[in-house]
Amino acid sequence: MRLSWDAKKAQTLVIVLLAFALSIALVTYVADHPATVETFMRHIGIWAPVASIALYAALGVSPIPSEALSMINGAVFGPLLGTLIGFAGNMVSATIEYGIGASLSNVTDFEARKEHLPLGLGRFPADSVWFLIFGRMVPGYGGKLVSVIGGVYRVPLWRYLWTAAIPTLVGTAIFVVGGFGLMRVF
């Protein structure tokens, strides 16, 4: 069965909305029960890094930042392994966010409409290395916005990934070490 363009748009929108709703439910549970999540991570052994990366992926579909999960990784895995797992998870999350932006671009026919955006937004330099790196450093939602905008504006994937990796590694390390330090204090 071949879907029409409108049916494909509707299908994409439904999938994005369902993924968003499921991730919000999961993230709400994690936010309300951080001690349970930490205990769970400690008890599942070798599967804990996989579970952590899956949680980052869920955060990628939600509007909730991943800093708290990075701190839990520091407490559970220590500074080095926690940073590596957090970096991998944040990059998976960033790639999902980019994909959401690319899907939104398709659904809205952004390429055809971008020249008609007000205030010159159609010429916004979303593929600028400066925007892609330093926009991620805005606390909270900077990384998510840069990821979605990168997808909507169709920034080349390789440029997007290497520019995401630099601030993601630094930011993840800061929060993981913070979580490790807090664990030592308490």
# chains A, B, ... in the order shown; residues from 1 in each chain; ligands from 1
>>> residues_around(residues="Ile96 in chain A", least_positions_apart="4", cutoff="9 Å", atoms="only C-alpha atoms", output="PyMOL selection string")
chain A and resi 57+60-61+91-92+100-101+147-148
>>> write_last_selection(atoms="N, CA and C atoms", output="PDB file, in the first residue's frame")
ATOM      1  N   ALA A  57      18.154   8.618  25.128  1.00  0.00           N
ATOM      2  CA  ALA A  57      17.355   8.636  23.900  1.00  0.00           C
ATOM      3  C   ALA A  57      15.935   9.112  24.183  1.00  0.00           C
ATOM      4  N   GLY A  60      15.871  12.696  24.533  1.00  0.00           N
ATOM      5  CA  GLY A  60      15.998  13.365  23.242  1.00  0.00           C
ATOM      6  C   GLY A  60      14.669  13.665  22.591  1.00  0.00           C
ATOM      7  N   VAL A  61      13.665  12.876  22.902  1.00  0.00           N
ATOM      8  CA  VAL A  61      12.339  13.088  22.325  1.00  0.00           C
ATOM      9  C   VAL A  61      11.502  13.999  23.211  1.00  0.00           C
ATOM     10  N   MET A  91      24.937  12.033  22.573  1.00  0.00           N
ATOM     11  CA  MET A  91      25.065  12.076  21.106  1.00  0.00           C
ATOM     12  C   MET A  91      23.907  11.326  20.435  1.00  0.00           C
ATOM     13  N   VAL A  92      23.464  10.223  21.047  1.00  0.00           N
ATOM     14  CA  VAL A  92      22.271   9.534  20.529  1.00  0.00           C
ATOM     15  C   VAL A  92      21.076  10.480  20.618  1.00  0.00           C
ATOM     16  N   ILE A 100      14.212  14.650  14.479  1.00  0.00           N
ATOM     17  CA  ILE A 100      12.902  15.278  14.686  1.00  0.00           C
ATOM     18  C   ILE A 100      12.822  16.565  13.885  1.00  0.00           C
ATOM     19  N   GLY A 101      13.885  17.357  13.930  1.00  0.00           N
ATOM     20  CA  GLY A 101      13.916  18.593  13.142  1.00  0.00           C
ATOM     21  C   GLY A 101      13.801  18.323  11.651  1.00  0.00           C
ATOM     22  N   SER A 147      19.843  21.362  17.956  1.00  0.00           N
ATOM     23  CA  SER A 147      19.624  20.087  17.272  1.00  0.00           C
ATOM     24  C   SER A 147      18.416  20.136  16.350  1.00  0.00           C
ATOM     25  N   VAL A 148      17.304  20.615  16.864  1.00  0.00           N
ATOM     26  CA  VAL A 148      16.089  20.666  16.053  1.00  0.00           C
ATOM     27  C   VAL A 148      16.253  21.657  14.895  1.00  0.00           C
TER      28      VAL A 148
END
>>> residues_around(residues="Gly74 in chain A", least_positions_apart="3", cutoff="6 Å", atoms="only C-alpha atoms", output="PyMOL selection string")
chain A and resi 71+77-79+82+176-177+179-180
>>> residues_around(residues="range 29-42 of chain A", least_positions_apart="4", cutoff="8 Å", atoms="only C-alpha atoms", output="NGL selection string")
:A and (25 or 48 or 51-52 or 72 or 76)
>>> atom_distance(atom1="CA of Pro139 in chain A", atom2="CA of Ile166 in chain A")
15.3 Å
>>> residues_around(residues="Leu169 in chain A", least_positions_apart="4", cutoff="8 Å", atoms="only C-alpha atoms", output="list in words")
Thr83, Phe87, Ala165 and Ala173 of chain A
>>> atom_distance(atom1="CA of Ala10 in chain A", atom2="CA of Val152 in chain A")
17.4 Å
>>> atom_distance(atom1="CA of Phe134 in chain A", atom2="CA of Leu17 in chain A")
28.7 Å
>>> select_by_dssp(residues="chain A", states="alpha helix (DSSP H)", output="ChimeraX atom specification")
/A:5-32,34-43,48-61,67-77,79-108,110-113,129-134,142-152,157-185
>>> residues_around(residues="Val155 in chain A", least_positions_apart="6", cutoff="10 Å", atoms="only C-alpha atoms", output="list in words")
Tyr98, Ala102, Pro125, Ala126, Asp127, Ser128, Leu132, Ser147, Ile149 and Leu161 of chain A
>>> closest_residue(among="A:Gly86, A:Pro63, A:Gly150, A:Gly143", to="Ser105 in chain A", atoms="only C-alpha atoms")
A:Gly150
>>> residues_around(residues="Asn106 in chain A", least_positions_apart="4", cutoff="12 Å", atoms="only C-alpha atoms", output="compact mmCIF listing (two decimals) with C-alpha atoms, in the first residue's frame")
# COMPACT_ATOMS: atom_id res chain seq x y z
CA TRP A 5 2.26 12.67 0.70
CA ASP A 6 -0.40 13.95 3.12
CA LYS A 8 3.04 10.34 5.14
CA LYS A 9 2.98 13.75 6.83
CA ALA A 10 0.20 12.63 9.15
CA GLN A 11 2.02 9.37 9.93
CA THR A 12 5.24 11.24 10.76
CA LEU A 13 3.37 13.65 13.00
CA GLY A 99 15.97 13.67 13.12
CA ILE A 100 12.90 15.28 14.69
CA GLY A 101 13.92 18.59 13.14
CA ALA A 102 14.43 16.95 9.74
CA PHE A 110 10.25 24.08 5.15
CA GLU A 111 12.63 24.27 2.18
CA ALA A 112 9.85 25.64 -0.04
CA ARG A 113 8.68 28.11 2.60
CA GLY A 151 17.54 19.24 11.36
CA VAL A 152 14.95 21.74 10.11
CA TYR A 153 17.59 23.72 8.17
CA ARG A 154 19.19 20.49 6.89
>>> closest_residue(among="A:Ala75, A:Leu80, A:Ala164, A:Ala21", to="Gly135 in chain A", atoms="only C-alpha atoms")
A:Ala164
